[in-house]
file work_17.pdb (PDB, C-alpha atoms)
ATOM      1  CA  MET A1359      16.133 -15.501  -2.230
ATOM      2  CA  MET A1360      14.380 -12.916  -4.323
ATOM      3  CA  PRO A1361      16.264  -9.752  -5.205
ATOM      4  CA  GLY A1362      14.091  -7.733  -2.892
ATOM      5  CA  PRO A1363      14.281  -4.015  -2.324
ATOM      6  CA  THR A1364      15.566  -2.993   1.064
ATOM      7  CA  THR A1365      13.933   0.361   1.623
ATOM      8  CA  PRO A1366      10.642   0.590  -0.207
ATOM      9  CA  ASN A1367       9.193   3.994  -0.959
ATOM     10  CA  MET A1368       5.717   2.584  -0.521
ATOM     11  CA  GLU A1369       4.464  -0.450   1.399
ATOM     12  CA  LEU A1370       0.909  -1.655   1.542
ATOM     13  CA  ALA A1371      -0.321  -4.471   3.746
ATOM     14  CA  LEU A1372      -3.924  -5.542   3.694
ATOM     15  CA  PRO A1373      -6.048  -8.671   3.853
ATOM     16  CA  ALA A1374      -6.006 -10.655   0.612
ATOM     17  CA  ARG A1375      -9.570  -9.879  -0.386
ATOM     18  CA  ALA A1376     -10.886  -9.104  -3.837
ATOM     19  CA  GLU A1377     -12.210  -5.716  -2.783
ATOM     20  CA  ASN A1378      -8.764  -4.660  -1.617
ATOM     21  CA  ILE A1379      -7.175  -5.007  -5.046
ATOM     22  CA  ALA A1380      -8.774  -1.732  -6.087
ATOM     23  CA  ILE A1381      -6.994   0.006  -3.220
ATOM     24  CA  VAL A1382      -3.651  -1.262  -4.478
ATOM     25  CA  ARG A1383      -4.481  -0.140  -8.023
ATOM     26  CA  HIS A1384      -5.371   3.330  -6.829
ATOM     27  CA  ALA A1385      -2.261   3.582  -4.699
ATOM     28  CA  PHE A1386      -0.146   2.960  -7.790
ATOM     29  CA  GLY A1387      -2.215   5.465  -9.716
ATOM     30  CA  ALA A1388      -1.396   8.052  -7.054
ATOM     31  CA  LEU A1389       2.260   7.035  -7.164
ATOM     32  CA  GLY A1390       2.304   7.568 -10.912
ATOM     33  CA  GLU A1391       0.679  10.968 -10.661
ATOM     34  CA  ALA A1392       2.917  12.102  -7.821
ATOM     35  CA  LEU A1393       6.053  11.173  -9.723
ATOM     36  CA  ALA A1394       4.752  12.315 -13.115
ATOM     37  CA  ILE A1395       5.306   8.871 -14.625
ATOM     38  CA  ASP A1396       4.117   8.456 -18.189
ATOM     39  CA  GLU A1397       0.461   7.456 -18.232
ATOM     40  CA  GLU A1398       1.096   4.443 -20.436
ATOM     41  CA  VAL A1399       3.779   3.165 -18.089
ATOM     42  CA  VAL A1400       1.511   3.665 -15.075
ATOM     43  CA  SER A1401      -1.185   1.735 -16.880
ATOM     44  CA  ASP A1402       1.197  -1.186 -17.417
ATOM     45  CA  ILE A1403       2.289  -1.069 -13.772
ATOM     46  CA  ARG A1404      -1.274  -1.055 -12.523
ATOM     47  CA  LEU A1405      -2.265  -3.928 -14.760
ATOM     48  CA  ALA A1406       0.697  -6.099 -13.806
ATOM     49  CA  VAL A1407       0.308  -5.372 -10.099
ATOM     50  CA  THR A1408      -3.406  -6.097 -10.320
ATOM     51  CA  GLU A1409      -2.671  -9.469 -11.902
ATOM     52  CA  ALA A1410      -0.144 -10.329  -9.208
ATOM     53  CA  CYS A1411      -2.531  -9.302  -6.434
ATOM     54  CA  THR A1412      -5.378 -11.233  -8.043
ATOM     55  CA  ASN A1413      -3.193 -14.332  -8.010
ATOM     56  CA  VAL A1414      -2.705 -13.875  -4.272
ATOM     57  CA  VAL A1415      -6.425 -13.448  -3.648
ATOM     58  CA  VAL A1416      -7.393 -16.437  -5.804
ATOM     59  CA  HIS A1417      -4.570 -18.875  -5.170
ATOM     60  CA  ALA A1418      -2.596 -18.077  -2.027
ATOM     61  CA  TYR A1419      -4.996 -19.135   0.696
ATOM     62  CA  PRO A1420      -7.613 -21.853   1.090
ATOM     63  CA  ASP A1421     -11.194 -20.737   0.600
ATOM     64  CA  ASP A1422     -11.987 -20.764   4.308
ATOM     65  CA  GLN A1423      -8.891 -18.846   5.352
ATOM     66  CA  GLU A1424      -7.698 -15.311   4.978
ATOM     67  CA  GLY A1425      -4.128 -14.111   4.865
ATOM     68  CA  PRO A1426      -2.125 -11.006   4.203
ATOM     69  CA  LEU A1427      -1.293  -9.386   0.896
ATOM     70  CA  GLU A1428       1.757  -7.157   0.881
ATOM     71  CA  VAL A1429       2.902  -4.861  -1.891
ATOM     72  CA  LEU A1430       6.221  -3.029  -1.769
ATOM     73  CA  ALA A1431       7.353  -0.461  -4.320
ATOM     74  CA  THR A1432      10.900   0.822  -4.556
ATOM     75  CA  LEU A1433      12.134   3.520  -6.883
ATOM     76  CA  THR A1434      15.670   3.407  -8.202
ATOM     77  CA  ASP A1435      16.839   5.781 -10.917
ATOM     78  CA  ASP A1436      14.685   4.908 -13.924
ATOM     79  CA  GLU A1437      13.139   1.756 -12.529
ATOM     80  CA  LEU A1438      10.354   0.800 -10.215
ATOM     81  CA  THR A1439      10.611  -2.539  -8.438
ATOM     82  CA  VAL A1440       7.368  -3.965  -7.104
ATOM     83  CA  LEU A1441       7.243  -6.934  -4.794
ATOM     84  CA  VAL A1442       3.923  -8.671  -4.201
ATOM     85  CA  ARG A1443       4.035 -11.255  -1.472
ATOM     86  CA  ASP A1444       1.843 -13.524   0.568
ATOM     87  CA  GLU A1445       2.060 -16.286   3.138
ATOM     88  CA  GLY A1446       0.626 -19.002   0.934
ATOM     89  CA  PRO A1447       2.387 -22.210  -0.142
ATOM     90  CA  GLY A1448       3.779 -20.750  -3.346
ATOM     91  CA  ILE A1449       3.038 -21.182  -7.017
ATOM     92  CA  VAL A1450       2.257 -24.831  -7.579
ATOM     93  CA  PRO A1451       0.419 -26.756 -10.289
ATOM     94  CA  ARG A1452      -3.293 -26.512  -9.740
ATOM     95  CA  PRO A1453      -5.513 -28.574 -12.026
ATOM     96  CA  ASP A1454      -8.645 -26.969 -10.621
ATOM     97  CA  SER A1455      -7.395 -23.439 -11.217
ATOM     98  CA  PRO A1456     -10.313 -21.121 -11.941
ATOM     99  CA  GLY A1457      -8.196 -18.829 -14.115
ATOM    100  CA  LEU A1458      -7.278 -19.005 -17.775
ATOM    101  CA  GLY A1459      -3.570 -19.154 -17.038
ATOM    102  CA  LEU A1460      -2.827 -15.788 -18.586
ATOM    103  CA  GLY A1461      -1.843 -13.865 -15.474
ATOM    104  CA  LEU A1462       1.868 -14.554 -15.283
ATOM    105  CA  PRO A1463       2.530 -14.301 -19.040
ATOM    106  CA  LEU A1464       0.724 -10.982 -18.988
ATOM    107  CA  ILE A1465       2.869  -9.759 -16.110
ATOM    108  CA  ALA A1466       5.979 -10.922 -17.939
ATOM    109  CA  SER A1467       4.986  -9.008 -21.033
ATOM    110  CA  LEU A1468       4.439  -5.807 -19.080
ATOM    111  CA  THR A1469       7.665  -5.823 -17.089
ATOM    112  CA  GLU A1470      11.346  -5.428 -17.771
ATOM    113  CA  GLY A1471      12.037  -8.360 -15.499
ATOM    114  CA  MET A1472      10.090 -10.670 -13.290
ATOM    115  CA  GLN A1473      10.912 -13.378 -10.787
ATOM    116  CA  LEU A1474       8.880 -15.792  -8.754
ATOM    117  CA  GLY A1475      10.181 -17.283  -5.569
ATOM    118  CA  HIS A1476      10.345 -17.091  -1.817
ATOM    119  CA  GLY A1477      11.745 -14.427   0.456
ATOM    120  CA  GLU A1478      14.107 -15.012   3.347
ATOM    121  CA  ASP A1479      11.149 -15.498   5.622
ATOM    122  CA  GLY A1480       9.627 -18.116   3.338
ATOM    123  CA  ARG A1481       6.888 -15.912   1.982
ATOM    124  CA  THR A1482       5.889 -16.318  -1.646
ATOM    125  CA  GLU A1483       7.021 -13.357  -3.729
ATOM    126  CA  VAL A1484       6.517 -12.014  -7.199
ATOM    127  CA  CYS A1485       9.141  -9.415  -8.029
ATOM    128  CA  MET A1486       8.455  -7.133 -10.993
ATOM    129  CA  ILE A1487      10.756  -4.520 -12.450
ATOM    130  CA  PHE A1488       9.345  -1.720 -14.561
ATOM    131  CA  SER A1489      11.245   0.755 -16.655
ATOM    132  CA  LEU A1490       9.898   4.240 -16.014
ATOM    133  CA  THR A1491      11.206   5.540 -19.308
ATOM    134  CA  GLY A1492       9.208   3.256 -21.584
ATOM    135  CA  SER A1493       7.035   0.184 -21.770
ATOM    136  CA  ALA A1494       8.363  -3.330 -21.960
ATOM    137  CA  VAL A1495       8.108  -5.096 -25.323
ATOM    138  CA  ALA A1496       4.918  -7.065 -25.216
ATOM    139  CA  GLY A1497       5.369 -10.811 -25.301
ATOM    140  CA  GLU A1498       9.060 -10.807 -24.506
ATOM    141  CA  PRO A1499       9.770 -11.796 -20.922
ATOM    142  CA  THR A1500      13.239 -10.573 -20.056
ATOM    143  CA  ALA A1501      13.969 -12.772 -17.090
ATOM    144  CA  PRO A1502      14.665 -16.294 -18.299
ATOM    145  CA  GLY A1503      12.965 -19.145 -16.560
ATOM    146  CA  ASP A1504      10.161 -17.127 -15.111
ATOM    147  CA  ALA A1505       6.656 -16.641 -16.376
ATOM    148  CA  PHE A1506       6.509 -18.937 -19.360
ATOM    149  CA  ALA A1507       8.256 -21.742 -17.521
ATOM    150  CA  ALA A1508       5.974 -21.555 -14.512
ATOM    151  CA  PRO A1509       3.557 -24.423 -14.038
ATOM    152  CA  ASP A1510      -0.174 -23.859 -14.198
ATOM    153  CA  LEU A1511      -0.062 -20.172 -14.862
ATOM    154  CA  PRO A1512      -2.934 -18.639 -12.961
TER     155      PRO A1512
ATOM    156  CA  MET B 271       9.083   1.684  17.975
ATOM    157  CA  SER B 272       8.713  -2.056  17.980
ATOM    158  CA  GLU B 273       9.589  -4.257  15.034
ATOM    159  CA  THR B 274       5.925  -4.850  14.398
ATOM    160  CA  GLU B 275       5.143  -1.168  14.297
ATOM    161  CA  GLY B 276       8.002  -0.581  11.898
ATOM    162  CA  LYS B 277       6.458  -2.536   9.059
ATOM    163  CA  ALA B 278       3.243  -2.174   7.209
ATOM    164  CA  GLN B 279       1.243  -4.952   8.822
ATOM    165  CA  ALA B 280      -2.145  -6.250   7.828
ATOM    166  CA  THR B 281      -4.411  -6.830  10.788
ATOM    167  CA  LYS B 282      -7.250  -9.280  11.387
ATOM    168  CA  GLU B 283      -9.884  -6.744  10.490
ATOM    169  CA  ASN B 284     -10.045  -5.235   7.033
ATOM    170  CA  ALA B 285      -7.472  -2.587   7.835
ATOM    171  CA  VAL B 286      -5.109  -1.115   5.306
ATOM    172  CA  SER B 287      -1.576  -0.492   6.474
ATOM    173  CA  LEU B 288       0.489   1.915   4.475
ATOM    174  CA  ARG B 289       4.109   2.890   4.964
ATOM    175  CA  LEU B 290       5.588   5.693   2.933
ATOM    176  CA  ALA B 291       8.981   7.275   2.626
ATOM    177  CA  ILE B 292       8.752  10.966   3.322
ATOM    178  CA  GLY B 293       8.536  12.747   0.016
ATOM    179  CA  PRO B 294       6.129  13.366  -2.812
ATOM    180  CA  LEU B 295       4.172  10.143  -2.315
ATOM    181  CA  VAL B 296       2.808  10.851   1.146
ATOM    182  CA  GLY B 297      -0.047  13.189   0.265
ATOM    183  CA  PRO B 298      -1.291  11.637  -2.984
ATOM    184  CA  VAL B 299      -1.069   8.010  -1.873
ATOM    185  CA  LEU B 300      -2.569   8.588   1.581
ATOM    186  CA  CYS B 301      -5.471  10.580   0.161
ATOM    187  CA  ARG B 302      -6.135   8.021  -2.562
ATOM    188  CA  VAL B 303      -6.075   5.057  -0.197
ATOM    189  CA  VAL B 304      -8.339   6.749   2.363
ATOM    190  CA  SER B 305     -10.784   7.849  -0.322
ATOM    191  CA  MET B 306     -10.944   4.293  -1.691
ATOM    192  CA  VAL B 307     -11.572   2.833   1.753
ATOM    193  CA  LEU B 308     -14.340   5.336   2.434
ATOM    194  CA  ALA B 309     -15.898   5.036  -1.006
ATOM    195  CA  ARG B 310     -16.040   1.283  -0.480
ATOM    196  CA  ALA B 311     -17.807   1.903   2.833
ATOM    197  CA  ASP B 312     -20.299   4.106   0.984
ATOM    198  CA  TRP B 313     -19.503   7.280   2.880
ATOM    199  CA  PRO B 314     -21.381  10.467   2.011
ATOM    200  CA  LEU B 315     -19.415  12.849  -0.144
ATOM    201  CA  ASP B 316     -19.217  15.660   2.416
ATOM    202  CA  ARG B 317     -17.699  13.371   5.048
ATOM    203  CA  LEU B 318     -15.313  11.897   2.507
ATOM    204  CA  ASP B 319     -14.252  15.455   1.749
ATOM    205  CA  ASP B 320     -13.658  16.080   5.463
ATOM    206  CA  ALA B 321     -11.521  12.949   5.659
ATOM    207  CA  LEU B 322      -9.422  14.100   2.725
ATOM    208  CA  LEU B 323      -8.918  17.474   4.366
ATOM    209  CA  ILE B 324      -7.566  15.654   7.408
ATOM    210  CA  CYS B 325      -5.285  13.600   5.157
ATOM    211  CA  ASP B 326      -4.020  16.743   3.444
ATOM    212  CA  ALA B 327      -3.224  18.327   6.798
ATOM    213  CA  ILE B 328      -1.417  15.229   7.994
ATOM    214  CA  ALA B 329       0.529  14.881   4.759
ATOM    215  CA  ALA B 330       1.582  18.499   4.982
ATOM    216  CA  HIS B 331       2.754  18.469   8.596
ATOM    217  CA  ALA B 332       3.523  14.903   9.688
ATOM    218  CA  PRO B 333       6.824  14.582   7.774
ATOM    219  CA  ALA B 334       8.368  17.232  10.008
ATOM    220  CA  HIS B 335       7.664  15.071  13.039
ATOM    221  CA  ALA B 336       8.465  11.612  11.663
ATOM    222  CA  ASN B 337      10.796   9.493  13.722
ATOM    223  CA  ASP B 338      12.793   7.742  11.013
ATOM    224  CA  GLY B 339      12.135   9.291   7.626
ATOM    225  CA  ARG B 340       9.088   7.182   7.040
ATOM    226  CA  LEU B 341       5.457   7.435   8.022
ATOM    227  CA  ALA B 342       3.169   4.519   8.762
ATOM    228  CA  PHE B 343      -0.587   4.799   8.454
ATOM    229  CA  THR B 344      -3.305   2.362   9.363
ATOM    230  CA  VAL B 345      -6.740   2.999   7.919
ATOM    231  CA  THR B 346      -9.753   1.171   9.295
ATOM    232  CA  SER B 347     -13.361   1.875   8.496
ATOM    233  CA  ASP B 348     -16.678   0.384   9.450
ATOM    234  CA  SER B 349     -20.285   1.470   9.264
ATOM    235  CA  ARG B 350     -19.763   3.983  12.073
ATOM    236  CA  GLY B 351     -16.554   5.693  11.186
ATOM    237  CA  LEU B 352     -12.946   5.834  10.160
ATOM    238  CA  GLU B 353      -9.885   5.362  12.303
ATOM    239  CA  LEU B 354      -6.600   6.688  11.018
ATOM    240  CA  GLN B 355      -3.370   5.984  12.864
ATOM    241  CA  VAL B 356      -0.289   8.024  12.057
ATOM    242  CA  GLY B 357       3.140   6.924  13.250
ATOM    243  CA  ALA B 358       5.866   6.609  14.120
ATOM    244  CA  LEU B 359       6.216  10.186  15.223
ATOM    245  CA  ALA B 360       9.082  11.519  17.284
ATOM    246  CA  GLU B 361       8.579  12.161  20.975
ATOM    247  CA  HIS B 362       6.035  14.976  21.374
ATOM    248  CA  GLY B 363       5.562  14.783  17.615
ATOM    249  CA  ALA B 364       1.898  13.855  17.742
ATOM    250  CA  ARG B 365       0.902  16.934  19.694
ATOM    251  CA  ALA B 366       3.176  19.062  17.545
ATOM    252  CA  LEU B 367       1.510  17.685  14.434
ATOM    253  CA  VAL B 368      -1.905  18.604  15.779
ATOM    254  CA  ALA B 369      -0.691  22.063  16.713
ATOM    255  CA  ASP B 370       0.794  22.595  13.263
ATOM    256  CA  ALA B 371      -2.481  21.848  11.526
ATOM    257  CA  THR B 372      -3.933  25.231  12.306
ATOM    258  CA  LEU B 373      -5.167  27.475   9.555
ATOM    259  CA  PRO B 374      -5.604  31.246  10.053
ATOM    260  CA  GLY B 375      -9.263  32.065  10.380
ATOM    261  CA  VAL B 376     -10.235  28.401  10.420
ATOM    262  CA  GLY B 377      -8.581  27.046  13.524
ATOM    263  CA  ASN B 378      -7.190  23.592  14.061
ATOM    264  CA  VAL B 379      -8.222  21.344  11.217
ATOM    265  CA  LEU B 380      -7.505  18.043  12.951
ATOM    266  CA  GLU B 381      -9.297  18.959  16.162
ATOM    267  CA  GLN B 382     -12.299  20.365  14.364
ATOM    268  CA  MET B 383     -12.719  17.604  11.821
ATOM    269  CA  SER B 384     -11.981  14.607  14.032
ATOM    270  CA  HIS B 385     -14.581  13.040  16.246
ATOM    271  CA  GLU B 386     -11.841  11.877  18.578
ATOM    272  CA  LEU B 387      -8.118  12.353  18.672
ATOM    273  CA  HIS B 388      -5.568  10.828  20.996
ATOM    274  CA  VAL B 389      -1.903  10.041  21.303
ATOM    275  CA  VAL B 390      -0.481   6.565  21.884
ATOM    276  CA  ALA B 391       3.053   6.234  23.181
ATOM    277  CA  GLY B 392       5.424   3.811  21.496
ATOM    278  CA  GLU B 393       6.180   0.602  23.339
ATOM    279  CA  ASP B 394       9.936   0.362  23.036
ATOM    280  CA  GLU B 395      11.192   3.719  21.837
ATOM    281  CA  PRO B 396      10.197   7.265  22.677
ATOM    282  CA  THR B 397       7.869   7.522  19.740
ATOM    283  CA  GLU B 398       4.228   8.408  19.410
ATOM    284  CA  LYS B 399       1.277   7.532  17.275
ATOM    285  CA  LEU B 400      -1.588   9.898  16.562
ATOM    286  CA  VAL B 401      -4.969   8.188  16.362
ATOM    287  CA  LEU B 402      -7.878  10.054  14.806
ATOM    288  CA  THR B 403     -11.431   8.888  14.429
ATOM    289  CA  LEU B 404     -13.991  10.427  12.150
ATOM    290  CA  SER B 405     -17.631   9.525  12.418
ATOM    291  CA  ARG B 406     -19.526   8.698   9.256
ATOM    292  CA  ASP B 407     -22.555  10.857  10.032
TER     293      ASP B 407
END
call {"tool": "encode", "arguments": {"input": "work_17.pdb", "output": "structure tokens"}}
result
Amino acid sequence: MMPGPTTPNMELALPARAENIAIVRHAFGALGEALAIDEEVVSDIRLAVTEACTNVVVHAYPDDQEGPLEVLATLTDDELTVLVRDEGPGIVPRPDSPGLGLGLPLIASLTEGMQLGHGEDGRTEVCMIFSLTGSAVAGEPTAPGDAFAAPDLP
Amino acid sequence: MSETEGKAQATKENAVSLRLAIGPLVGPVLCRVVSMVLARADWPLDRLDDALLICDAIAAHAPAHANDGRLAFTVTSDSRGLELQVGALAEHGARALVADATLPGVGNVLEQMSHELHVVAGEDEPTEKLVLTLSRD
């Protein structure tokens, strides 16, 4: 089970469509402004969340089906935990992947910690932890066995 | 409030469900999400401004009437208009929210700006949901 937050400060649920990713980005922009989070940190959060949401839109559901995209954000002390989840089959090797495979490494480089897995209800989850006091060190994933070990990085 | 109402739930249509803890996020996030939905639907600027005024009024007064320390919003737009649902409000909270949104010399912001406004009772608990519609033109 993913180390999921229990009482998110912000929850978004919307159809996993490309046009809805911008809404998620803007919601996190508003969150950053409201909490006076450093602009550089907000930029990292928005980029990582965008990548995770894009993965859901591109990979989670078959082309002829639509499913939900859920984003939960929980603030704790100096950290923000963001959970992006969907009802797709999970992250699996995909030889026909349309992406360059940079999404998950990019997320890993922007976060303090990251985990891929399934929630209690079986939904696919990407859990990202951001430090609100400074950016993560680029290129150094802090959670072992996550992004760089994942197959077919979308 | 039913279990379904308690979570931010995506619906079949292109609705955006938003659930926020009462605090500094309510106003900024609600306004930003609504403005994005309306900008995507190519709303005229004056009507987008009206919608944001409604959001500001709701963000200012809804927390006082929330049922459980959180507010759930559902935003749906089409070519004709916007529907904004606000819940879960305490019993009589929806009408109290509308009454609170009165500005001296201006009158009631929600009643004046909304095309339609009604209250939906909760299914399981004595809660309410305020449903506002705003026409595009």
call {"tool": "resolve_selection", "arguments": {"input": "work_17.pdb", "expression": "the PyMOL selection byres ((chain B) within 7 of (chain A))", "output": "mmCIF file with C-alpha atoms, in the frame of the given file"}}
result
data_model
loop_
_atom_site.group_PDB
_atom_site.id
_atom_site.type_symbol
_atom_site.label_atom_id
_atom_site.label_comp_id
_atom_site.auth_asym_id
_atom_site.auth_seq_id
_atom_site.Cartn_x
_atom_site.Cartn_y
_atom_site.Cartn_z
ATOM 1 C CA ALA B 278 3.243 -2.174 7.209
ATOM 2 C CA GLN B 279 1.243 -4.952 8.822
ATOM 3 C CA ALA B 280 -2.145 -6.250 7.828
ATOM 4 C CA ASN B 284 -10.045 -5.235 7.033
ATOM 5 C CA ALA B 285 -7.472 -2.587 7.835
ATOM 6 C CA VAL B 286 -5.109 -1.115 5.306
ATOM 7 C CA SER B 287 -1.576 -0.492 6.474
ATOM 8 C CA LEU B 288 0.489 1.915 4.475
ATOM 9 C CA ARG B 289 4.109 2.890 4.964
ATOM 10 C CA LEU B 290 5.588 5.693 2.933
ATOM 11 C CA ALA B 291 8.981 7.275 2.626
ATOM 12 C CA PRO B 294 6.129 13.366 -2.812
ATOM 13 C CA LEU B 295 4.172 10.143 -2.315
ATOM 14 C CA PRO B 298 -1.291 11.637 -2.984
ATOM 15 C CA VAL B 299 -1.069 8.010 -1.873
ATOM 16 C CA ARG B 302 -6.135 8.021 -2.562
ATOM 17 C CA VAL B 303 -6.075 5.057 -0.197
ATOM 18 C CA MET B 306 -10.944 4.293 -1.691
#
call {"tool": "atom_distance", "arguments": {"input": "work_17.pdb", "atom1": "CA of Glu393 (chain B)", "atom2": "CA of Ala358 (chain B)"}}
result
11.0 Å
call {"tool": "closest_residue", "arguments": {"input": "work_17.pdb", "among": "B:Leu308, B:Ala342, B:Val401, B:Val390", "to": "Ile292 (chain B)", "atoms": "only C-alpha atoms"}}
result
B:Ala342
call {"tool": "residues_near_point", "arguments": {"input": "work_17.pdb", "point": "(-21.0, 9.7, 3.2)", "cutoff": "12 Å", "atoms": "only C-alpha atoms", "output": "list in words"}}
result
Ser305, Val307, Leu308, Ala309, Arg310, Ala311, Asp312, Trp313, Pro314, Leu315, Asp316, Arg317, Leu318, Asp319, Asp320, Ala321, Ser349, Arg350, Gly351, Leu352, Leu404, Ser405, Arg406 and Asp407 of chain B
call {"tool": "atom_distance", "arguments": {"input": "work_17.pdb", "atom1": "CA of Thr1469 (chain A)", "atom2": "CA of Pro1447 (chain A)"}}
result
24.2 Å
call {"tool": "atom_distance", "arguments": {"input": "work_17.pdb", "atom1": "CA of Gly293 (chain B)", "atom2": "CA of Asp1479 (chain A)"}}
result
28.9 Å
call {"tool": "axis_aligned_box", "arguments": {"input": "work_17.pdb", "around": "region 350-353 of chain B", "padding_each_side": "4 Å", "output": "AutoDock Vina command-line options"}}
result
--center_x -14.8 --center_y 4.9 --center_z 11.2 --size_x 17.9 --size_y 9.9 --size_z 10.1
call {"tool": "resolve_selection", "arguments": {"input": "work_17.pdb", "expression": "the PyMOL selection byres ((chain A and resi 1476) around 12)", "output": "list in words"}}
result
Met1359, Met1360, Pro1361, Gly1362, Leu1441, Val1442, Arg1443, Asp1444, Glu1445, Gly1446, Pro1447, Gly1448, Ile1449, Gln1473, Leu1474, Gly1475, Gly1477, Glu1478, Asp1479, Gly1480, Arg1481, Thr1482, Glu1483, Val1484 and Cys1485 of chain A
call {"tool": "closest_residue", "arguments": {"input": "work_17.pdb", "among": "B:Gly339, B:Leu300, B:Thr344, B:Leu400", "to": "Arg365 (chain B)", "atoms": "all atoms listed in the file"}}
result
B:Leu400
call {"tool": "residues_around", "arguments": {"input": "work_17.pdb", "residues": "Cys1411 (chain A)", "least_positions_apart": "4", "cutoff": "7 Å", "atoms": "all atoms listed in the file", "output": "PyMOL selection string"}}
result
chain A and resi 1379+1407+1415+1442
call {"tool": "resolve_selection", "arguments": {"input": "work_17.pdb", "expression": "the PyMOL selection byres ((chain A and resi 1489) around 10)", "output": "PDB file with C-alpha atoms, keeping the file's coordinate frame"}}
result
ATOM      1  CA  VAL A1399       3.779   3.165 -18.089  1.00  0.00           C
ATOM      2  CA  ILE A1403       2.289  -1.069 -13.772  1.00  0.00           C
ATOM      3  CA  THR A1434      15.670   3.407  -8.202  1.00  0.00           C
ATOM      4  CA  ASP A1435      16.839   5.781 -10.917  1.00  0.00           C
ATOM      5  CA  ASP A1436      14.685   4.908 -13.924  1.00  0.00           C
ATOM      6  CA  GLU A1437      13.139   1.756 -12.529  1.00  0.00           C
ATOM      7  CA  LEU A1438      10.354   0.800 -10.215  1.00  0.00           C
ATOM      8  CA  THR A1439      10.611  -2.539  -8.438  1.00  0.00           C
ATOM      9  CA  LEU A1468       4.439  -5.807 -19.080  1.00  0.00           C
ATOM     10  CA  THR A1469       7.665  -5.823 -17.089  1.00  0.00           C
ATOM     11  CA  GLU A1470      11.346  -5.428 -17.771  1.00  0.00           C
ATOM     12  CA  GLY A1471      12.037  -8.360 -15.499  1.00  0.00           C
ATOM     13  CA  ILE A1487      10.756  -4.520 -12.450  1.00  0.00           C
ATOM     14  CA  PHE A1488       9.345  -1.720 -14.561  1.00  0.00           C
ATOM     15  CA  LEU A1490       9.898   4.240 -16.014  1.00  0.00           C
ATOM     16  CA  THR A1491      11.206   5.540 -19.308  1.00  0.00           C
ATOM     17  CA  GLY A1492       9.208   3.256 -21.584  1.00  0.00           C
ATOM     18  CA  SER A1493       7.035   0.184 -21.770  1.00  0.00           C
ATOM     19  CA  ALA A1494       8.363  -3.330 -21.960  1.00  0.00           C
TER      20      ALA A1494
END
call {"tool": "residues_around", "arguments": {"input": "work_17.pdb", "residues": "Thr372 (chain B)", "least_positions_apart": "2", "cutoff": "12 Å", "atoms": "all atoms listed in the file", "output": "list of chain:residue names"}}
result
B:Ile324, B:Ala327, B:Ile328, B:Ala330, B:His331, B:Ala366, B:Leu367, B:Val368, B:Ala369, B:Asp370, B:Pro374, B:Gly375, B:Val376, B:Gly377, B:Asn378, B:Val379, B:Leu380, B:Glu381, B:Gln382, B:Met383
call {"tool": "closest_residue", "arguments": {"input": "work_17.pdb", "among": "B:Leu359, B:Leu373, B:Val389, B:Leu402", "to": "Ala332 (chain B)", "atoms": "all atoms listed in the file"}}
result
B:Leu359
call {"tool": "build_atoms", "arguments": {"input": "work_17.pdb", "residues": "region 295-306 of chain B", "atoms": "N, CA and C atoms", "output": "short mmCIF file (atom, residue, chain, number, x, y, z; two decimals), keeping the file's coordinate frame"}}
result
data_model
loop_
_atom_site.label_atom_id
_atom_site.label_comp_id
_atom_site.auth_asym_id
_atom_site.auth_seq_id
_atom_site.Cartn_x
_atom_site.Cartn_y
_atom_site.Cartn_z
N LEU B 295 5.24 11.16 -2.30
CA LEU B 295 4.17 10.14 -2.32
C LEU B 295 3.19 10.29 -1.16
N VAL B 296 3.61 10.90 -0.08
CA VAL B 296 2.81 10.85 1.15
C VAL B 296 1.39 11.38 0.93
N GLY B 297 1.27 12.59 0.43
CA GLY B 297 -0.05 13.19 0.26
C GLY B 297 -0.91 12.44 -0.74
N PRO B 298 -0.45 12.28 -1.97
CA PRO B 298 -1.29 11.64 -2.98
C PRO B 298 -1.70 10.20 -2.63
N VAL B 299 -0.75 9.42 -2.14
CA VAL B 299 -1.07 8.01 -1.87
C VAL B 299 -1.99 7.89 -0.66
N LEU B 300 -1.70 8.64 0.40
CA LEU B 300 -2.57 8.59 1.58
C LEU B 300 -4.00 9.00 1.23
N CYS B 301 -4.13 10.11 0.52
CA CYS B 301 -5.47 10.58 0.16
C CYS B 301 -6.21 9.56 -0.71
N ARG B 302 -5.49 8.97 -1.66
CA ARG B 302 -6.14 8.02 -2.56
C ARG B 302 -6.58 6.77 -1.82
N VAL B 303 -5.73 6.28 -0.93
CA VAL B 303 -6.08 5.06 -0.20
C VAL B 303 -7.26 5.32 0.73
N VAL B 304 -7.23 6.43 1.45
CA VAL B 304 -8.34 6.75 2.36
C VAL B 304 -9.63 6.95 1.57
N SER B 305 -9.57 7.63 0.46
CA SER B 305 -10.78 7.85 -0.32
C SER B 305 -11.34 6.53 -0.85
N MET B 306 -10.46 5.60 -1.23
CA MET B 306 -10.94 4.29 -1.69
C MET B 306 -11.61 3.51 -0.57
#
